[in-house]
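Dropping work.cif in here (mmCIF, C-alpha atoms):
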```cif
data_work
#
loop_
_atom_site.label_atom_id
_atom_site.label_comp_id
_atom_site.auth_asym_id
_atom_site.auth_seq_id
_atom_site.Cartn_x
_atom_site.Cartn_y
_atom_site.Cartn_z
CA MET A 26 57.25 235.47 169.02
CA SER A 27 56.46 233.12 166.17
CA LYS A 28 57.84 229.60 166.14
CA SER A 29 60.00 230.31 163.10
CA ASN A 30 61.52 233.29 164.89
CA THR A 31 62.29 231.04 167.84
CA LEU A 32 64.21 228.70 165.59
CA LEU A 33 65.91 231.61 163.87
CA ASN A 34 67.12 232.96 167.19
CA LYS A 35 68.44 229.54 168.14
CA LEU A 36 70.29 229.27 164.86
CA LYS A 37 71.75 232.74 165.31
CA ALA A 38 73.03 231.77 168.74
CA PHE A 39 74.28 228.47 167.34
CA LYS A 40 76.23 230.21 164.59
CA GLU A 41 77.92 232.58 167.00
CA GLY A 42 79.44 229.61 168.82
CA LEU A 43 80.99 228.05 165.71
CA SER A 44 84.61 228.08 164.64
CA GLU A 45 85.56 229.92 161.47
CA GLU A 46 85.59 226.70 159.47
CA GLU A 47 82.23 225.66 160.86
CA GLN A 48 80.80 229.08 160.08
CA GLN A 49 81.83 228.63 156.45
CA ALA A 50 79.97 225.32 156.30
CA PHE A 51 76.98 226.96 157.94
CA SER A 52 77.03 229.73 155.35
CA GLY A 53 77.26 227.14 152.58
CA MET A 54 74.26 225.35 154.02
CA VAL A 55 72.23 228.55 154.13
CA GLU A 56 73.23 229.28 150.54
CA LEU A 57 72.02 225.85 149.43
CA ALA A 58 68.78 226.29 151.35
CA ALA A 59 68.16 229.71 149.85
CA LYS A 60 68.75 228.33 146.36
CA THR A 61 66.30 225.49 146.90
CA ALA A 62 63.69 227.72 148.48
CA GLU A 63 63.82 230.01 145.47
CA GLU A 64 63.53 227.10 143.02
CA LEU A 65 60.66 225.60 144.95
CA SER A 66 58.84 228.90 145.01
CA GLU A 67 59.17 229.17 141.24
CA GLU A 68 58.08 225.56 140.73
CA ASP A 69 55.08 225.92 143.01
CA LEU A 70 54.04 229.21 141.51
CA SER A 71 54.18 227.75 138.02
CA ARG A 72 52.02 224.84 139.09
CA VAL A 73 49.52 226.94 141.00
CA GLY A 74 49.22 229.23 138.00
CA GLY A 75 48.92 226.40 135.50
CA ALA A 76 45.92 224.38 134.44
CA ALA A 77 47.59 221.22 135.66
CA PHE A 78 47.23 222.22 139.28
CA THR A 79 44.76 220.24 141.32
CA LEU A 80 44.33 220.19 145.04
CA ASN A 81 46.08 217.04 146.05
CA PRO A 82 43.88 214.79 148.19
CA ILE A 83 46.76 212.41 148.87
CA ALA A 84 49.27 214.91 149.96
CA LYS A 85 46.79 216.69 152.17
CA THR A 86 46.94 213.67 154.41
CA GLN A 87 50.68 213.99 154.58
CA SER A 88 50.64 217.46 155.98
CA SER A 89 48.83 219.24 158.72
CA HIS A 90 49.85 222.81 158.23
CA ASN A 91 50.45 223.84 154.66
CA LEU A 92 48.40 226.41 152.86
CA ILE A 93 48.29 224.40 149.66
CA TYR A 94 49.67 220.96 150.16
CA LYS A 95 52.84 219.12 150.89
CA THR A 96 54.28 216.11 149.21
CA GLN A 97 56.26 213.15 150.39
CA SER A 98 59.53 214.99 150.12
CA SER A 99 60.16 217.52 152.81
CA HIS A 100 60.75 220.33 150.37
CA ALA A 101 58.83 223.22 151.78
CA LEU A 102 56.21 225.27 150.04
CA LEU A 103 55.71 228.92 149.64
CA PHE A 104 55.00 230.62 152.95
CA ASP A 105 56.19 227.64 154.91
CA PRO A 106 57.77 228.69 158.21
CA ALA A 107 60.98 226.95 157.25
CA VAL A 108 61.20 228.94 154.03
CA LEU A 109 60.61 232.15 155.91
CA THR A 110 63.34 231.15 158.33
CA ILE A 111 65.70 230.52 155.42
CA LYS A 112 64.96 233.90 153.94
CA ARG A 113 65.83 235.53 157.25
CA LEU A 114 68.86 233.29 157.65
CA THR A 115 70.37 234.54 154.43
CA THR A 116 71.23 237.70 156.32
CA LEU A 117 73.54 235.55 158.46
CA ARG A 118 75.71 234.36 155.60
CA MET B 1 71.93 223.56 169.74
CA ALA B 2 69.18 222.85 172.21
CA LEU B 3 65.87 221.93 170.63
CA ASP B 4 63.44 222.18 173.47
CA ASP B 5 60.22 221.80 171.54
CA THR B 6 58.86 219.54 168.83
CA ALA B 7 58.05 222.39 166.47
CA ALA B 8 61.67 223.52 166.47
CA PHE B 9 62.81 219.93 165.87
CA PHE B 10 60.72 219.60 162.73
CA GLN B 11 61.40 223.14 161.50
CA LEU B 12 65.11 222.44 161.76
CA LYS B 13 64.66 219.11 159.98
CA GLU B 14 62.75 220.82 157.20
CA LEU B 15 65.35 223.54 156.89
CA LEU B 16 68.14 220.98 156.67
CA GLY B 17 66.19 219.02 154.07
CA ILE B 18 65.76 222.14 151.97
CA ALA B 19 69.49 222.81 152.19
CA ALA B 20 70.21 219.27 151.02
CA GLY B 21 68.00 219.93 148.00
CA GLY B 22 70.32 222.63 146.75
CA ILE B 23 72.76 220.26 145.09
CA PRO B 24 72.51 219.16 141.45
CA ASN B 25 70.36 216.10 140.78
CA ASN B 26 72.95 214.12 138.88
CA GLY B 27 74.36 211.82 141.55
CA THR B 28 77.34 213.99 142.34
CA LEU B 29 78.39 216.18 145.22
CA PRO B 30 78.98 219.92 144.96
CA THR B 31 82.50 220.79 143.86
CA GLU B 32 82.61 224.27 145.37
CA PRO B 33 84.11 223.81 148.86
CA GLY B 34 81.64 226.10 150.63
CA LEU B 35 78.62 224.33 149.16
CA LEU B 36 80.12 220.91 149.79
CA GLY B 37 80.71 221.87 153.42
CA GLY B 38 77.15 223.14 153.64
CA PHE B 39 75.73 219.92 152.20
CA ARG B 40 77.83 217.77 154.53
CA LEU B 41 76.71 219.85 157.49
CA ALA B 42 73.06 219.43 156.53
CA GLN B 43 73.52 215.67 156.09
CA ALA B 44 75.30 215.30 159.43
CA ALA B 45 72.66 217.30 161.27
CA LEU B 46 69.79 215.32 159.69
CA TYR B 47 71.50 212.12 160.74
CA GLU B 48 72.12 213.38 164.23
CA LEU B 49 68.46 214.28 164.70
CA ARG B 50 67.63 210.57 164.43
CA GLN B 51 70.76 209.05 165.87
CA GLY B 52 70.16 206.07 168.11
CA ARG B 53 67.74 204.31 165.82
CA LYS B 54 68.06 200.58 165.47
CA ASN B 55 70.40 199.62 162.62
CA LEU B 56 70.85 203.22 161.48
CA ARG B 57 74.02 203.30 159.39
CA GLU B 58 75.59 206.08 157.38
CA ASP B 59 73.66 205.10 154.25
CA GLY B 60 70.38 204.52 156.09
CA ILE B 61 69.79 201.24 154.25
CA LEU B 62 68.05 198.49 156.18
CA TYR B 63 67.38 196.08 153.32
CA LYS B 64 67.69 196.01 149.55
CA GLY B 65 66.56 193.16 147.37
CA ARG B 66 63.54 191.21 146.27
CA PRO B 67 61.77 189.67 149.24
CA ALA B 68 60.35 186.18 148.89
CA PHE B 69 56.78 187.38 149.22
CA MET B 70 57.18 189.50 146.07
CA THR B 71 56.17 186.76 143.65
CA ASP B 72 55.87 187.29 139.91
CA ASP B 73 52.10 187.13 140.25
CA LEU B 74 52.07 189.82 142.91
CA LEU B 75 54.40 192.05 140.92
CA GLN B 76 52.25 191.70 137.80
CA ALA B 77 49.15 192.51 139.83
CA MET B 78 50.87 195.65 141.12
CA GLN B 79 51.80 196.64 137.58
CA ARG B 80 48.22 196.20 136.37
CA GLU B 81 46.81 198.13 139.31
CA MET B 82 49.21 201.00 138.82
CA GLU B 83 48.20 201.32 135.19
CA GLU B 84 44.62 201.75 136.38
CA GLN B 85 45.59 204.11 139.18
CA GLN B 86 47.52 206.33 136.80
CA GLN B 87 44.23 207.69 135.48
CA THR B 88 43.70 209.33 138.85
CA ALA B 89 47.26 210.55 139.32
CA ILE B 90 47.91 214.20 139.91
CA ARG B 91 51.01 216.15 139.06
CA ASP B 92 53.47 216.83 141.80
CA ARG B 93 56.67 218.81 141.58
CA TRP B 94 59.07 218.30 138.70
CA GLN B 95 56.58 216.29 136.65
CA GLN B 96 56.36 213.47 139.10
CA PHE B 97 52.77 212.15 139.27
CA LEU B 98 51.22 210.64 142.37
CA ALA B 99 48.21 208.41 142.94
CA ARG B 100 46.61 206.62 145.83
CA SER B 101 47.15 202.95 146.31
CA GLY B 102 44.70 200.29 145.24
CA PRO B 103 43.98 197.05 147.10
CA VAL B 104 46.98 195.17 145.69
CA VAL B 105 49.50 197.80 146.77
CA GLN B 106 47.70 198.08 150.09
CA SER B 107 48.14 194.33 150.54
CA VAL B 108 51.88 194.77 150.07
CA ALA B 109 51.96 197.46 152.75
CA ASP B 110 50.05 195.15 155.07
CA HIS B 111 51.91 191.99 154.11
CA PRO B 112 52.91 190.04 157.23
CA ALA B 113 56.35 189.28 155.76
CA LEU B 114 57.06 192.97 155.15
CA ARG B 115 55.81 193.85 158.60
CA ALA B 116 57.97 191.13 160.15
CA MET B 117 61.02 192.41 158.24
CA ILE B 118 60.40 195.93 159.51
CA ASP B 119 59.78 194.76 163.03
CA ASP B 120 63.07 192.86 162.94
CA LEU B 121 65.15 195.66 161.40
CA VAL B 122 63.53 198.77 162.82
CA GLY B 123 61.58 197.62 165.84
CA PRO B 124 57.91 198.32 166.43
CA VAL B 125 56.25 200.75 164.03
CA GLN B 126 52.80 202.26 163.97
CA GLN B 127 50.14 200.13 162.28
CA HIS B 128 49.14 202.80 159.77
CA ALA B 129 51.29 203.08 156.65
CA GLU B 130 51.25 206.00 154.20
CA ILE B 131 51.29 204.83 150.59
CA THR B 132 52.06 206.76 147.43
CA CYS B 133 52.16 205.42 143.88
CA LEU B 134 54.77 207.30 141.85
CA PHE B 135 54.78 207.79 138.07
CA TYR B 136 57.66 209.23 136.07
CA ASP B 137 56.81 209.44 132.37
CA ALA B 138 57.81 212.83 131.06
CA VAL B 139 61.31 213.61 129.89
CA GLY B 140 63.07 215.31 132.78
CA ALA B 141 60.65 214.06 135.44
CA GLU B 142 62.61 213.69 138.66
CA ILE B 143 62.64 214.04 142.38
CA ARG B 144 65.54 216.16 143.49
CA PRO B 145 67.70 215.38 146.52
CA HIS B 146 65.53 215.47 149.61
CA VAL B 147 64.60 213.73 152.81
CA ASP B 148 61.07 212.49 153.41
CA VAL B 149 58.46 213.91 155.71
CA ASP B 150 57.82 212.32 159.06
CA GLN B 151 55.15 209.93 157.75
CA PHE B 152 57.83 208.24 155.64
CA SER B 153 60.46 208.00 158.37
CA VAL B 154 61.00 204.41 157.32
CA ASN B 155 60.37 204.01 153.60
CA ALA B 156 59.82 200.78 151.71
CA ASN B 157 60.33 201.90 148.13
CA VAL B 158 59.36 199.24 145.59
CA LEU B 159 60.34 199.48 141.93
CA VAL B 160 57.27 198.22 140.08
CA SER B 161 58.51 198.76 136.53
CA HIS B 162 61.24 200.59 134.67
CA THR B 163 61.13 200.58 130.89
CA ALA B 164 63.17 202.41 128.32
CA ALA B 165 63.31 202.70 124.56
CA SER B 166 67.02 202.02 124.67
CA ARG B 167 68.90 202.40 127.95
CA ARG B 168 67.63 203.09 131.44
CA GLU B 169 69.07 206.45 132.46
CA SER B 170 67.13 207.45 135.55
CA GLU B 171 68.59 206.19 138.81
CA PHE B 172 67.75 206.12 142.46
CA VAL B 173 70.60 207.88 144.24
CA LEU B 174 71.29 207.74 147.92
CA TYR B 175 73.70 210.11 149.68
CA PRO B 176 75.46 208.48 152.65
CA VAL B 177 76.44 210.83 155.45
CA GLU B 178 80.06 210.29 154.48
CA GLY B 179 81.53 209.09 151.23
CA GLU B 180 80.32 209.31 147.67
CA PRO B 181 76.69 209.15 146.50
CA ARG B 182 75.47 205.67 145.66
CA ARG B 183 73.59 205.00 142.42
CA LEU B 184 71.41 202.02 143.22
CA HIS B 185 70.28 199.58 140.57
CA PHE B 186 66.90 197.92 140.95
CA GLU B 187 65.03 195.33 139.00
CA PRO B 188 61.22 195.34 139.13
CA GLY B 189 60.03 193.70 142.32
CA GLU B 190 63.05 194.80 144.31
CA LEU B 191 62.64 197.17 147.19
CA ILE B 192 64.80 199.28 149.40
CA LEU B 193 63.90 199.72 153.03
CA PHE B 194 65.67 202.73 154.50
CA TYR B 195 65.49 205.60 156.97
CA ALA B 196 64.22 208.15 154.46
CA ASP B 197 63.67 211.10 156.78
CA CYS B 198 67.33 211.45 157.71
CA ILE B 199 69.22 210.22 154.63
CA VAL B 200 69.19 212.31 151.47
CA HIS B 201 67.99 210.55 148.32
CA ALA B 202 66.79 211.39 144.82
CA ARG B 203 65.63 210.06 141.45
CA THR B 204 67.57 211.48 138.55
CA PRO B 205 65.73 212.77 135.47
CA ILE B 206 63.84 210.50 133.10
CA ALA B 207 65.16 210.25 129.55
CA GLU B 208 63.26 210.11 126.27
CA GLY B 209 61.18 206.93 126.06
CA GLU B 210 61.79 205.98 129.67
CA LYS B 211 59.11 205.22 132.28
CA VAL B 212 59.37 204.42 135.96
CA ARG B 213 56.64 203.16 138.28
CA ALA B 214 57.35 202.88 141.98
CA VAL B 215 55.49 202.56 145.24
CA SER B 216 56.55 204.29 148.38
CA ILE B 217 55.28 202.91 151.69
CA GLY B 218 55.97 204.99 154.77
CA PHE B 219 56.16 203.81 158.35
CA ARG B 220 56.79 205.58 161.62
CA PRO B 221 58.65 203.93 164.47
CA HIS B 222 57.00 203.83 167.85
CA ASN B 223 58.61 205.73 170.67
CA GLU B 224 59.91 208.57 168.52
CA LEU B 225 59.08 212.22 168.24
CA HIS B 226 56.45 212.63 165.50
CA TYR B 227 55.08 215.71 163.87
CA ASP B 228 51.41 215.36 164.71
CA GLU B 229 51.75 213.80 168.12
CA VAL B 230 52.72 216.93 170.01
#
```

Mind converting the file's structure to structure tokens?
Amino acid sequence: MSKSNTLLNKLKAFKEGLSEEEQQAFSGMVELAAKTAEELSEEDLSRVGGAAFTLNPIAKTQSSHNLIYKTQSSHALLFDPAVLTIKRLTTLR
Amino acid sequence: MALDDTAAFFQLKELLGIAAGGIPNNGTLPTEPGLLGGFRLAQAALYELRQGRKNLREDGILYKGRPAFMTDDLLQAMQREMEEQQQTAIRDRWQQFLARSGPVVQSVADHPALRAMIDDLVGPVQQHAEITCLFYDAVGAEIRPHVDVDQFSVNANVLVSHTAASRRESEFVLYPVEGEPRRLHFEPGELILFYADCIVHARTPIAEGEKVRAVSIGFRPHNELHYDEV
């Protein structure tokens, strides 16, 4: 089982134990995350496809696992395990 | 929820940070109740992941002001160095440009007075500091609401310059775990020291004729869970 699936399963179990009000907040959080993940994917794709894109030697030192690079903010990139988890989580809304 | 491994800890942190990024970057909170509840949940969970830190308050701020070591000469040297470093800057998301530090900025990161301040407010941190020089020139350049990666757990963010053709529009906004977002005003040379990996923050978009130069210096407290120390 992948690590992101492990977290997903934990979150599923976590959600099942929430009150109705808490579940609404959880759903709102997943909705926000899905929105951001989509925007980040579009932003990253536009940069990767554009002439302005350069492999970032600074940011490479700030990340140990990304396919492209990661910046100071913790916004995830395409294919990041957290993004994949969010995409699966949207089924829990 | 039990987090029994480091990978899950940081995946959850990243997921929460992404959720926090779903709100508009205008210094306000979501008005739709479901989204507001979701944002508050993400904030509370991010905070809880790092609860127990020394001096951690709901706004994450440890210090804000112009420290005595930030003399006019030092500030001007930083401004000159950043102009040179800009030639090597690369584009990051949302038209923010990043460059490595030069020796002057490095000397700020290593400054004994800054280190003593951090030691006093945070406790012992690792010797190595991550440094990023930030450039916002283009109209609309911004950094949306986010929390920082682990290397910037404690962030000393220095405003090096902020110029505008007329009025300064872009602001540094910090989102306390409870209460309204705080729009923080800085003059060049001032810095904010805060727990950036658990408190949501942003820079709102740059207006026509406006330019911002800032330096972000990241520290990691000793005796904490860190991403690459598993």

* Residue among B:Leu49, B:Ile61, B:Val215, B:Leu174 lying closest to Ala109 of chain B, counting all atoms listed in the file ->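 Distance minimum relative to Ala109 of chain B lands on B:Val215.
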
* Once the PyMOL selection byres ((chain B and resi 211) around 7) has been applied to the shown file, what residues remain in the selection, as an MDAnalysis selection string? -> chainID B and resid 136:137 162:164 209:210 212:213

Identify every residue of chain B that has at least one atom within 6 Å of any atom of chain A, counting only C-alpha atoms, and report the result as an mmCIF file with C-alpha atoms, in the coordinates of the input.
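After the write, selection37.cif holds the following:
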```cif
data_model
loop_
_atom_site.group_PDB
_atom_site.id
_atom_site.type_symbol
_atom_site.label_atom_id
_atom_site.label_comp_id
_atom_site.auth_asym_id
_atom_site.auth_seq_id
_atom_site.Cartn_x
_atom_site.Cartn_y
_atom_site.Cartn_z
ATOM 1 C CA MET B 1 71.930 223.560 169.740
ATOM 2 C CA ALA B 8 61.670 223.520 166.470
ATOM 3 C CA GLN B 11 61.400 223.140 161.500
ATOM 4 C CA LEU B 15 65.350 223.540 156.890
ATOM 5 C CA ILE B 18 65.760 222.140 151.970
ATOM 6 C CA ALA B 19 69.490 222.810 152.190
ATOM 7 C CA GLY B 21 68.000 219.930 148.000
ATOM 8 C CA GLY B 22 70.320 222.630 146.750
ATOM 9 C CA GLY B 34 81.640 226.100 150.630
ATOM 10 C CA LEU B 35 78.620 224.330 149.160
ATOM 11 C CA GLY B 37 80.710 221.870 153.420
ATOM 12 C CA GLY B 38 77.150 223.140 153.640
ATOM 13 C CA PHE B 39 75.730 219.920 152.200
ATOM 14 C CA VAL B 147 64.600 213.730 152.810
ATOM 15 C CA ASP B 148 61.070 212.490 153.410
ATOM 16 C CA VAL B 149 58.460 213.910 155.710
#
```

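The space between atom CA of Thr28 of chain B and atom CA of Ala202 of chain B spans 11.1 Å.
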
* To do: Using all atoms listed in the file, determine which residues lie at most 8 Å from Gln86 of chain B, disregarding the query and same-chain residues fewer than 6 positions distant; provide the list as a PyMOL selection string.
  => chain B and resi 98-99+135

* To do: Report the distance between atom CA of Glu187 of chain B and atom CA of Leu62 of chain B in Å, rounded to one decimal place.
  =>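 Atom CA of Glu187 of chain B sits 17.7 Å away from atom CA of Leu62 of chain B.
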
* Asked: Any idea what the distance is between atom CA of Glu32 of chain B and atom CA of Glu45 of chain A?
  -> 17.3 Å

* To do: Can you give me, as a list of chain:residue names, the residues this file yields under the PyMOL selection byres ((chain B and resi 188) around 10)?
  => B:Arg66, B:Met70, B:Asp72, B:Leu75, B:Gln76, B:Gln79, B:Val158, B:Leu159, B:Val160, B:Ser161, B:His162, B:Thr163, B:Phe186, B:Glu187, B:Gly189, B:Glu190, B:Leu191, B:Val212, B:Arg213, B:Ala214

Using the file's own x, y and z axes, what box holds all listed atoms of segment 63-76 of chain B with 4 Å on each side, keeping edges along x, y and z, and what are its centre and edge lengths in Å to one decimal, as JSON?
```
{"center_x": 59.9, "center_y": 191.1, "center_z": 145.6, "size_x": 23.6, "size_y": 17.9, "size_z": 23.5}
```

Interface rows for segment 40-105 of chain B against segment 221-228 of chain B: nearest pair, Å to one decimal, 12 Å, only C-alpha atoms, as CSV:
```
residue,atom,partner,partner_atom,distance
B:Leu49,CA,B:Leu225,CA,10.2
B:Arg50,CA,B:Glu224,CA,9.0
B:Gln51,CA,B:Glu224,CA,11.2
B:Gly52,CA,B:Glu224,CA,10.6
B:Arg53,CA,B:Pro221,CA,9.2
B:Lys54,CA,B:Pro221,CA,10.0
```

* Near segment 101-107 of chain B, within 10 Å and counting only C-alpha atoms, which residues show up once chain neighbours fewer than 6 positions away are dropped, as a list of chain:residue names? -> A:Ile83, B:Leu74, B:Leu75, B:Ala77, B:Met78, B:Gln79, B:Arg80, B:Glu81, B:Met82, B:Glu84, B:Gln85, B:Ala129, B:Glu130, B:Ile131, B:Thr132, B:Cys133, B:Leu134, B:Val215, B:Ser216, B:Ile217

* **Who sits within 10 Å of Leu184 of chain B, all atoms listed in the file, same chain under 5 positions skipped, as a list in words** =>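 The neighbour list is Lys64, Glu171, Phe172, Val173, Leu174 and Ile192 of chain B.
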